[in-house]
Every structure is written in C-alpha cells, then in structure tokens.
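Trainee: Attaching a single structure in structure tokens format; questions to follow.
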Amino acid sequence: MKTYRIATIPGDGIGKEVVPAGRQALEALAARSDAFRFEFENFDWGGDYYRQHGVMMPADGLDALRDKDAILFGSAGDPHIPDHITLWGLRLKICQGFDQYANVRPTRILPGIDAPLKRCKPADLDWVIVRENSEGEYAGIGGRAHQGHPIEVATDVSIMTRAGVERVLRFAFRLAQSRPRKLLTVITKSNAQRHAMVMWDEIALQVSREFPDVKWDKELVDAATARMVNRPASLDTIVATNLHADILSDLAAALAGSLGIAPTANLDPERRYPSMFEPIHGSAFDIMGKGLANPVGTFWSVVMMLEHLGETGAAKLVMNAIEQVTANPSLHTGDLGGNATTAQVTDAVCQHIAAHARPALAA
Ligand code: ATP
C-alpha cells in the first residue's frame, strides 16, 4: 500500500474551512482504497501566525515541507496585514522556494452552474491556463528611493530569462498535446513591450518545432480578454506571463460561474520538490467562520493533486462527485445563489465517493 505524505496549510479566512473539507474527501477515498493511504501534517501558518511571530511562516518552513508528496493550501490574506506581506511571506515563498514554475488553472462550466455568458454553451468553454509562476512581473526585483519626498521613485522590474520562458512554454505545449484538441494560444504583449515579450514570441516559435502535432497561435493580452468573452470555443490551452495569466484566470473563473469553484496547481514538473494545490479564491473574510464557503474549488484542487500523484481513478471519482454536487441546485452555496453549507456540500461529495469507490478505485 502506498502512503502519500500530504502537508495541509489552511492559511487565513475560509482557507480554514475549505482545507479540512478537502482533507475529508481524501480521507473518504483512503478509507475505501487498498492501494493508497494519506499521512497528513497540518501547518498553522498565515495571518494568526504572523501576529504571534512576526512572520507568516518560520524561516525553516520549507524544510518541513520538503519531504511531502504534495501540499494542499487554502488561502493567504488578512484584512489587518498588508497584502504584499501575506502573499510574499507564505504562498510565494513556497512557490518560489520549490521552483513551482508552472501554475495550471483548468476552467470549465460545470453541470448546473449558471455562467454569465448567455451565448456560451458549457462545451464552448473548456480551457487550461498555464501561468509562468517563477519570474516575470512578480520576480520581486525593484525598490524605492526618496521615500516620503516629492521625488519618490519606485520600480518593479520584470525579469524574463530564456530558460524560464522556454521551460514554461515547453510545459504548455506538452499539456496542449495531451488534450484532445491539441490547441495552444500563446499570449503576450509584444507590440508594446518590445524586448521580453518579443523574446517570448521567438522562443514559442522555437519550442513549437518540437510539437508538430500541436496547432498554436499568438494573441495580445488585451485582445485575449475580448476573445475569451466573444469566441470562447476558439481557445483550449493558454499560456501567458505571471501577471497576464493572473488576470486572465480570474476572468476565466468568473466566466465559468464562480470564484468558489476554480482550482489551481503550482507544479514543479521535474518533481524535485512537492507541488502545491489550492483553490484560486482568497480568504473571503466576509463569510469566514460561518460555514458558508464553497469547498468545490478545493475539491477540484484535490482532483489535480490526485492526478499529479498518478491516482487517476481516484481523481476521476472526485471529479464525478463534484459534478453530481454542482448539478444539484439544493447543494449550491451562496456564491452560486443557493443556501447550502460547506458541511452539506462536503458530506454529499464524501457520500458519492463512498457509494462509487468500489469500481472506481479498483479500476
Ligand atoms: P483575498 O484578499 O485573500 O484575495 P478576498 O476576500 O479579497 O480575498 P476572494 O476571497 O478571492 O477575495 O473573493 C471575493 C468574494 O467572493 C469573497 O468576499 C466572497 O464573498 C466570495 N467568495 C470567494 N470564494 C468563495 C467561496 N469559496 N465560497 C463562497 N464565496 C466565495
């Protein structure tokens, strides 16, 4: 029997509610599998930890995660702590420390979800966005001078390395190749940003030669937003820089019906370090502690984690459970216009797992 060591980091706000829900789903799977089990270790890092210790996670925190097979993360964000501290002190520290350079965000309109684009059929919107996750606009290079004086200056320098661009583009081409449509759109802004973005275009052309069966095109990021709304079916796999894909994936999540549903994976494709899986929503302090958070984004993140671990039967089972839940309006949480609670949705997912585990996990 395989044992997967999973680190759970609930973080802040509703992260403390949805991560335990994700763990419950994993436990429901393990209870019915003869092939694998999970060993969990929970880390109480985040805003409360910061108030006690002055840091979001301990200095040697990465060492505690290093031997894990995967990390399930909730959210980092606290109304009383500046956003750049919560982000850089925890989530980015893990992403960058473990060189999780490919951020992968699947988007689909799940059964039963009332998505805002009225002309868009669910089959028209089936995307995976790959976000460069290690450098670019979020490289953290820059500084401030003359602070508080009229001549104050601040810079954020975007860093694009050939190695960094090449590896994420190769990952995206490979992902596109693995999907039925074998279609990739490379998004840049190479008309206005005439150095790094032009290099992206050049490297995309070079890498594309390794993937003759993948059809690909280029789009400027501004035009891409309009294309996502007007011609969603013309897109399948999408790759973009750290900043551009950050924005495009929030648009994608909104077009699919709710921020509460969308998952993401921060992958180290070379598997030198653990990869990290998380819902894309933030800490949502307005609904925190009320049991109202939609746990579906976390369940979908669990699906991505299981795929990464190679447990494809278990991944499919959890995805089926999610689709059963979203198809049933009485199991919709407030973000989807319903009244269901986190616990009700979680119980329904765990019951589906229990009821269908035999054939699914034996396969
Ligand atoms: P942060 O500052 O950590 O990014 P935020 O509260 O500004 O968090 P989000 O949490 O991403 O932003 O989401 C904005 C709003 O969407 C929330 O205030 C909440 O009302 C709603 N929302 C987000 N995620 C969920 C969820 N999983 N279930 C229910 N509602 C959600």
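In the structure tokens, the first chain shown is A, the next is B, and so on; residue numbers restart at 1 for each chain, and ligands run from 1 in the order shown.
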Just list as a ChimeraX atom specification whatever in segment 127-311 of chain A DSSP marks as helix (DSSP H, G or I).

Mentor: /A:162-178,196-208,221-230,232-234,242-255,296-309

Trainee: Residues as selected, C-alpha atoms, written as a short mmCIF file (atom, residue, chain, number, x, y, z; two decimals), in the first residue's frame, can you do that?

Mentor:
data_model
loop_
_atom_site.label_atom_id
_atom_site.label_comp_id
_atom_site.auth_asym_id
_atom_site.auth_seq_id
_atom_site.Cartn_x
_atom_site.Cartn_y
_atom_site.Cartn_z
CA ARG A 162 15.36 32.36 -21.75
CA ALA A 163 15.49 29.27 -19.51
CA GLY A 164 12.37 30.36 -17.59
CA VAL A 165 10.35 31.17 -20.70
CA GLU A 166 11.47 28.08 -22.55
CA ARG A 167 10.55 25.66 -19.75
CA VAL A 168 7.06 27.06 -19.23
CA LEU A 169 6.36 27.15 -22.97
CA ARG A 170 7.57 23.56 -23.33
CA PHE A 171 5.30 22.56 -20.43
CA ALA A 172 2.35 24.32 -22.11
CA PHE A 173 2.98 22.70 -25.49
CA ARG A 174 3.20 19.30 -23.79
CA LEU A 175 -0.05 19.93 -21.93
CA ALA A 176 -1.78 21.07 -25.12
CA GLN A 177 -0.52 17.93 -26.84
CA SER A 178 -2.11 15.78 -24.13
CA ALA A 196 10.99 40.36 -23.25
CA MET A 197 7.66 39.80 -24.97
CA VAL A 198 9.32 39.62 -28.38
CA MET A 199 11.67 37.04 -26.87
CA TRP A 200 8.58 35.05 -25.73
CA ASP A 201 7.28 35.03 -29.31
CA GLU A 202 10.68 33.89 -30.64
CA ILE A 203 11.00 31.10 -28.07
CA ALA A 204 7.39 29.99 -28.70
CA LEU A 205 8.25 29.54 -32.38
CA GLN A 206 11.39 27.56 -31.50
CA VAL A 207 9.64 25.28 -28.97
CA SER A 208 6.68 24.76 -31.33
CA VAL A 221 -3.33 40.03 -23.89
CA ASP A 222 -5.87 42.82 -24.43
CA ALA A 223 -7.32 41.07 -27.48
CA ALA A 224 -7.32 37.82 -25.48
CA THR A 225 -9.81 39.22 -22.95
CA ALA A 226 -12.26 40.03 -25.76
CA ARG A 227 -11.68 36.63 -27.37
CA MET A 228 -12.43 34.83 -24.09
CA VAL A 229 -15.79 36.58 -23.95
CA ASN A 230 -16.72 36.61 -27.65
CA PRO A 232 -14.56 31.09 -26.02
CA ALA A 233 -14.63 27.94 -28.18
CA SER A 234 -11.62 29.18 -30.16
CA ASN A 242 2.85 35.64 -14.46
CA LEU A 243 0.87 38.92 -14.44
CA HIS A 244 -1.14 38.40 -17.62
CA ALA A 245 -2.25 34.88 -16.68
CA ASP A 246 -3.06 36.00 -13.14
CA ILE A 247 -5.61 38.44 -14.55
CA LEU A 248 -6.88 36.19 -17.35
CA SER A 249 -7.52 33.32 -14.95
CA ASP A 250 -9.72 35.46 -12.69
CA LEU A 251 -11.69 36.43 -15.80
CA ALA A 252 -11.87 32.75 -16.74
CA ALA A 253 -13.14 31.79 -13.28
CA ALA A 254 -15.82 34.48 -13.43
CA LEU A 255 -16.90 33.37 -16.92
CA VAL A 296 -15.73 22.90 -4.63
CA GLY A 297 -12.58 24.84 -5.62
CA THR A 298 -10.69 22.84 -3.00
CA PHE A 299 -12.20 19.52 -4.12
CA TRP A 300 -11.17 20.30 -7.71
CA SER A 301 -7.67 21.13 -6.38
CA VAL A 302 -7.72 17.70 -4.72
CA VAL A 303 -8.52 16.22 -8.16
CA MET A 304 -5.44 17.95 -9.59
CA MET A 305 -3.36 16.67 -6.67
CA LEU A 306 -4.52 13.09 -7.26
CA GLU A 307 -3.72 13.41 -10.99
CA HIS A 308 -0.24 14.66 -10.09
CA LEU A 309 0.24 11.69 -7.74
#

Trainee: Within 6 Å of ligand 1, which residues of chain A show up? Give each one with its shortest atom-to-atom distance in Å (one decimal) and the two atoms involved, counting only C-alpha atoms and all ligand atoms, rows by chain then rising residue number, as JSON lines.

Mentor:
{"residue": "A:Ala76", "atom": "CA", "partner": "ligand 1", "partner_atom_place_in_ligand_line": "3 (O)", "distance": 5.5}
{"residue": "A:Gly77", "atom": "CA", "partner": "ligand 1", "partner_atom_place_in_ligand_line": "3 (O)", "distance": 3.8}
{"residue": "A:Leu259", "atom": "CA", "partner": "ligand 1", "partner_atom_place_in_ligand_line": "24 (N)", "distance": 5.3}
{"residue": "A:Gly260", "atom": "CA", "partner": "ligand 1", "partner_atom_place_in_ligand_line": "27 (N)", "distance": 3.6}
{"residue": "A:His281", "atom": "CA", "partner": "ligand 1", "partner_atom_place_in_ligand_line": "11 (O)", "distance": 3.8}
{"residue": "A:Gly282", "atom": "CA", "partner": "ligand 1", "partner_atom_place_in_ligand_line": "10 (O)", "distance": 3.3}
{"residue": "A:Ser283", "atom": "CA", "partner": "ligand 1", "partner_atom_place_in_ligand_line": "3 (O)", "distance": 3.8}
{"residue": "A:Ala284", "atom": "CA", "partner": "ligand 1", "partner_atom_place_in_ligand_line": "6 (O)", "distance": 3.2}
{"residue": "A:Phe285", "atom": "CA", "partner": "ligand 1", "partner_atom_place_in_ligand_line": "6 (O)", "distance": 5.5}
{"residue": "A:Asp286", "atom": "CA", "partner": "ligand 1", "partner_atom_place_in_ligand_line": "18 (O)", "distance": 5.4}
{"residue": "A:Ala293", "atom": "CA", "partner": "ligand 1", "partner_atom_place_in_ligand_line": "28 (N)", "distance": 3.7}
{"residue": "A:Asn294", "atom": "CA", "partner": "ligand 1", "partner_atom_place_in_ligand_line": "28 (N)", "distance": 3.6}
{"residue": "A:Pro295", "atom": "CA", "partner": "ligand 1", "partner_atom_place_in_ligand_line": "27 (N)", "distance": 5.7}
{"residue": "A:Asp335", "atom": "CA", "partner": "ligand 1", "partner_atom_place_in_ligand_line": "30 (N)", "distance": 4.7}

Trainee: Next, dump the selected residues to file, keeping only N, CA and C atoms, as a PDB file, in the first residue's frame.

Mentor:
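Listing of again_13.pdb after writing:
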ATOM      1  N   ALA A  76      -4.133  32.875   1.577  1.00  0.00           N
ATOM      2  CA  ALA A  76      -3.358  33.782   2.418  1.00  0.00           C
ATOM      3  C   ALA A  76      -3.878  35.184   2.180  1.00  0.00           C
ATOM      4  N   GLY A  77      -4.315  35.837   3.224  1.00  0.00           N
ATOM      5  CA  GLY A  77      -4.852  37.196   3.095  1.00  0.00           C
ATOM      6  C   GLY A  77      -5.534  37.542   4.398  1.00  0.00           C
ATOM      7  N   LEU A 259     -15.933  32.217  -8.495  1.00  0.00           N
ATOM      8  CA  LEU A 259     -14.572  32.135  -7.956  1.00  0.00           C
ATOM      9  C   LEU A 259     -14.449  30.943  -7.001  1.00  0.00           C
ATOM     10  N   GLY A 260     -15.568  30.526  -6.429  1.00  0.00           N
ATOM     11  CA  GLY A 260     -15.538  29.460  -5.420  1.00  0.00           C
ATOM     12  C   GLY A 260     -15.312  28.073  -5.982  1.00  0.00           C
ATOM     13  N   HIS A 281      -9.703  31.123  -5.100  1.00  0.00           N
ATOM     14  CA  HIS A 281     -10.296  32.229  -4.321  1.00  0.00           C
ATOM     15  C   HIS A 281      -9.383  32.615  -3.154  1.00  0.00           C
ATOM     16  N   GLY A 282      -9.660  33.781  -2.605  1.00  0.00           N
ATOM     17  CA  GLY A 282      -8.863  34.280  -1.484  1.00  0.00           C
ATOM     18  C   GLY A 282      -9.489  33.918  -0.152  1.00  0.00           C
ATOM     19  N   SER A 283      -9.205  34.738   0.854  1.00  0.00           N
ATOM     20  CA  SER A 283      -9.597  34.378   2.217  1.00  0.00           C
ATOM     21  C   SER A 283     -11.055  34.709   2.532  1.00  0.00           C
ATOM     22  N   ALA A 284     -11.698  35.566   1.712  1.00  0.00           N
ATOM     23  CA  ALA A 284     -13.137  35.876   1.841  1.00  0.00           C
ATOM     24  C   ALA A 284     -13.562  36.089   3.295  1.00  0.00           C
ATOM     25  N   PHE A 285     -12.978  37.084   3.933  1.00  0.00           N
ATOM     26  CA  PHE A 285     -13.272  37.326   5.350  1.00  0.00           C
ATOM     27  C   PHE A 285     -14.739  37.654   5.617  1.00  0.00           C
ATOM     28  N   ASP A 286     -15.451  38.123   4.566  1.00  0.00           N
ATOM     29  CA  ASP A 286     -16.864  38.470   4.758  1.00  0.00           C
ATOM     30  C   ASP A 286     -17.720  37.261   5.124  1.00  0.00           C
ATOM     31  N   ALA A 293     -18.641  28.791   3.059  1.00  0.00           N
ATOM     32  CA  ALA A 293     -17.679  28.780   1.937  1.00  0.00           C
ATOM     33  C   ALA A 293     -17.938  27.604   1.006  1.00  0.00           C
ATOM     34  N   ASN A 294     -17.816  27.867  -0.269  1.00  0.00           N
ATOM     35  CA  ASN A 294     -17.954  26.805  -1.263  1.00  0.00           C
ATOM     36  C   ASN A 294     -16.650  25.993  -1.286  1.00  0.00           C
ATOM     37  N   PRO A 295     -16.715  24.713  -0.958  1.00  0.00           N
ATOM     38  CA  PRO A 295     -15.477  23.914  -0.942  1.00  0.00           C
ATOM     39  C   PRO A 295     -15.133  23.299  -2.291  1.00  0.00           C
ATOM     40  N   ASP A 335     -22.396  31.689  -3.056  1.00  0.00           N
ATOM     41  CA  ASP A 335     -21.750  32.276  -4.238  1.00  0.00           C
ATOM     42  C   ASP A 335     -22.424  31.825  -5.521  1.00  0.00           C
TER      43      ASP A 335
END

Trainee: Just the residues within 12 Å of Tyr49 of chain A, please, counting only C-alpha atoms, with nothing from its chain fewer than 4 positions along; format it as a list in words.

Mentor: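 Residues meeting the cut-off are Ile9, Pro10, Gly11, Asp12, Phe43, Asp44, Trp45, His53, Gly54, Val55, Met56, Met57, Pro58, Ala76, Asp78, Ile81, Thr86, Gly89 and Leu90 of chain A.
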
Trainee: If you keep all heavy atoms, can you produce a file of those selected residues as a compact mmCIF listing (two decimals), in the first residue's frame?

Mentor:
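File written: again16.txt
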# COMPACT_ATOMS: atom_id res chain seq x y z
N ILE A 9 -2.03 23.34 4.59
CA ILE A 9 -1.79 24.70 5.08
C ILE A 9 -3.08 25.48 4.86
O ILE A 9 -3.28 26.05 3.78
CB ILE A 9 -0.61 25.38 4.34
CG1 ILE A 9 0.64 24.48 4.34
CG2 ILE A 9 -0.30 26.74 4.96
CD1 ILE A 9 1.82 25.04 3.56
N PRO A 10 -3.97 25.52 5.84
CA PRO A 10 -5.24 26.23 5.64
C PRO A 10 -5.05 27.73 5.43
O PRO A 10 -5.81 28.34 4.67
CB PRO A 10 -6.02 25.95 6.93
CG PRO A 10 -5.34 24.76 7.54
CD PRO A 10 -3.91 24.83 7.13
N GLY A 11 -4.07 28.34 6.12
CA GLY A 11 -3.83 29.78 5.95
C GLY A 11 -4.89 30.61 6.64
O GLY A 11 -5.16 30.41 7.84
N ASP A 12 -5.51 31.52 5.91
CA ASP A 12 -6.40 32.51 6.50
C ASP A 12 -7.85 32.37 6.03
O ASP A 12 -8.12 31.76 5.01
CB ASP A 12 -5.91 33.92 6.13
CG ASP A 12 -4.47 34.14 6.56
OD1 ASP A 12 -4.13 33.75 7.69
OD2 ASP A 12 -3.68 34.68 5.75
N PHE A 43 -0.06 22.63 9.04
CA PHE A 43 0.79 23.76 9.41
C PHE A 43 -0.09 24.99 9.62
O PHE A 43 -0.86 25.34 8.72
CB PHE A 43 1.84 24.01 8.31
CG PHE A 43 2.78 22.84 8.14
CD1 PHE A 43 2.47 21.80 7.28
CD2 PHE A 43 3.95 22.77 8.88
CE1 PHE A 43 3.33 20.71 7.14
CE2 PHE A 43 4.82 21.68 8.76
CZ PHE A 43 4.50 20.65 7.89
N ASP A 44 0.06 25.62 10.78
CA ASP A 44 -0.85 26.73 11.14
C ASP A 44 -0.30 28.09 10.71
O ASP A 44 -0.45 29.08 11.39
CB ASP A 44 -1.11 26.71 12.66
CG ASP A 44 0.17 26.97 13.46
OD1 ASP A 44 1.28 26.94 12.86
OD2 ASP A 44 0.06 27.21 14.67
N TRP A 45 0.36 28.13 9.55
CA TRP A 45 0.98 29.37 9.08
C TRP A 45 -0.08 30.30 8.50
O TRP A 45 -1.14 29.87 8.07
CB TRP A 45 2.04 29.05 8.03
CG TRP A 45 3.10 28.10 8.54
CD1 TRP A 45 3.46 27.89 9.85
CD2 TRP A 45 3.90 27.21 7.75
NE1 TRP A 45 4.44 26.94 9.91
CE2 TRP A 45 4.75 26.51 8.66
CE3 TRP A 45 4.02 26.95 6.39
CZ2 TRP A 45 5.67 25.56 8.22
CZ3 TRP A 45 4.95 26.01 5.95
CH2 TRP A 45 5.77 25.32 6.86
N HIS A 53 4.28 35.71 15.70
CA HIS A 53 5.73 35.52 15.46
C HIS A 53 6.35 36.59 14.56
O HIS A 53 7.56 36.58 14.35
CB HIS A 53 5.98 34.15 14.81
CG HIS A 53 5.42 33.00 15.61
ND1 HIS A 53 6.09 32.45 16.67
CD2 HIS A 53 4.25 32.33 15.51
CE1 HIS A 53 5.37 31.47 17.19
NE2 HIS A 53 4.24 31.37 16.51
N GLY A 54 5.53 37.45 13.96
CA GLY A 54 6.09 38.49 13.09
C GLY A 54 6.46 38.00 11.70
O GLY A 54 7.02 38.74 10.89
N VAL A 55 6.19 36.74 11.41
CA VAL A 55 6.42 36.19 10.07
C VAL A 55 5.24 35.27 9.72
O VAL A 55 4.59 34.73 10.61
CB VAL A 55 7.73 35.34 9.97
CG1 VAL A 55 8.96 36.22 9.94
CG2 VAL A 55 7.83 34.33 11.11
N MET A 56 4.98 35.10 8.42
CA MET A 56 3.85 34.27 8.00
C MET A 56 4.14 32.77 8.15
O MET A 56 3.25 31.97 8.34
CB MET A 56 3.49 34.56 6.53
CG MET A 56 2.96 35.97 6.28
SD MET A 56 1.29 36.19 6.91
CE MET A 56 0.33 35.21 5.74
N MET A 57 5.42 32.43 8.02
CA MET A 57 5.84 31.03 8.24
C MET A 57 7.25 31.06 8.78
O MET A 57 7.97 32.03 8.57
CB MET A 57 5.76 30.21 6.93
CG MET A 57 6.74 30.65 5.86
SD MET A 57 6.52 29.76 4.29
CE MET A 57 7.52 28.30 4.60
N PRO A 58 7.68 30.02 9.49
CA PRO A 58 9.04 30.06 10.05
C PRO A 58 10.11 30.07 8.97
O PRO A 58 9.86 29.62 7.84
CB PRO A 58 9.12 28.77 10.88
CG PRO A 58 7.91 27.97 10.58
CD PRO A 58 6.93 28.81 9.83
N ALA A 76 -4.13 32.88 1.58
CA ALA A 76 -3.36 33.78 2.42
C ALA A 76 -3.88 35.18 2.18
O ALA A 76 -3.93 35.65 1.04
CB ALA A 76 -1.88 33.70 2.08
N ASP A 78 -5.28 38.76 4.88
CA ASP A 78 -5.83 39.14 6.18
C ASP A 78 -6.09 40.64 6.12
O ASP A 78 -5.20 41.40 5.73
CB ASP A 78 -4.79 38.81 7.26
CG ASP A 78 -5.32 39.01 8.67
OD1 ASP A 78 -5.71 40.15 9.02
OD2 ASP A 78 -5.34 38.01 9.41
N ILE A 81 -3.36 42.85 7.71
CA ILE A 81 -1.95 42.73 7.33
C ILE A 81 -1.84 43.09 5.85
O ILE A 81 -2.65 42.61 5.05
CB ILE A 81 -1.44 41.27 7.55
CG1 ILE A 81 -1.71 40.82 8.99
CG2 ILE A 81 0.06 41.17 7.25
CD1 ILE A 81 -1.42 39.35 9.25
N THR A 86 1.34 39.16 3.26
CA THR A 86 0.72 37.84 3.31
C THR A 86 1.08 37.01 2.07
O THR A 86 1.32 35.82 2.16
CB THR A 86 -0.82 37.93 3.43
OG1 THR A 86 -1.33 38.75 2.39
CG2 THR A 86 -1.25 38.47 4.77
N GLY A 89 5.08 36.41 2.04
CA GLY A 89 5.57 35.71 3.23
C GLY A 89 5.18 34.25 3.29
O GLY A 89 5.70 33.50 4.11
N LEU A 90 4.23 33.83 2.44
CA LEU A 90 3.77 32.45 2.56
C LEU A 90 3.65 31.77 1.18
O LEU A 90 4.49 30.96 0.79
CB LEU A 90 2.43 32.41 3.31
CG LEU A 90 1.84 31.04 3.63
CD1 LEU A 90 2.82 30.18 4.39
CD2 LEU A 90 0.55 31.19 4.45

Trainee: Leu331 of chain A: which residues within 8 Å, counting only C-alpha atoms, same-chain residues fewer than 4 positions away excluded, as a ChimeraX atom specification?

Mentor: /A:325-326,338-341,344-345

Trainee: Which residues are near segment 137-139 of chain A? Cut-off 8 Å, only C-alpha atoms, ignore same chain within fewer than 6 positions. Put them as number ranges by chain.

Mentor: A: 156-159, 241-243

Trainee: Write out the residues from the selection above, keeping C-alpha atoms, as a PDB file, in the first residue's frame.

Mentor:
ATOM      1  CA  ASP A 156       9.152  46.733 -10.219  1.00  0.00           C
ATOM      2  CA  VAL A 157      11.421  45.155 -12.789  1.00  0.00           C
ATOM      3  CA  SER A 158      10.037  42.290 -14.829  1.00  0.00           C
ATOM      4  CA  ILE A 159      12.616  39.542 -15.349  1.00  0.00           C
ATOM      5  CA  THR A 241       3.243  35.507 -18.224  1.00  0.00           C
ATOM      6  CA  ASN A 242       2.849  35.636 -14.463  1.00  0.00           C
ATOM      7  CA  LEU A 243       0.873  38.915 -14.444  1.00  0.00           C
TER       8      LEU A 243
END

Trainee: Which of these residues is nearest to Ile6 of chain A, using only C-alpha atoms: A:Ile287, A:Leu65, A:Val214, A:Cys350?

Mentor: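 The shortest atom-to-atom distance to Ile6 of chain A comes from A:Leu65.
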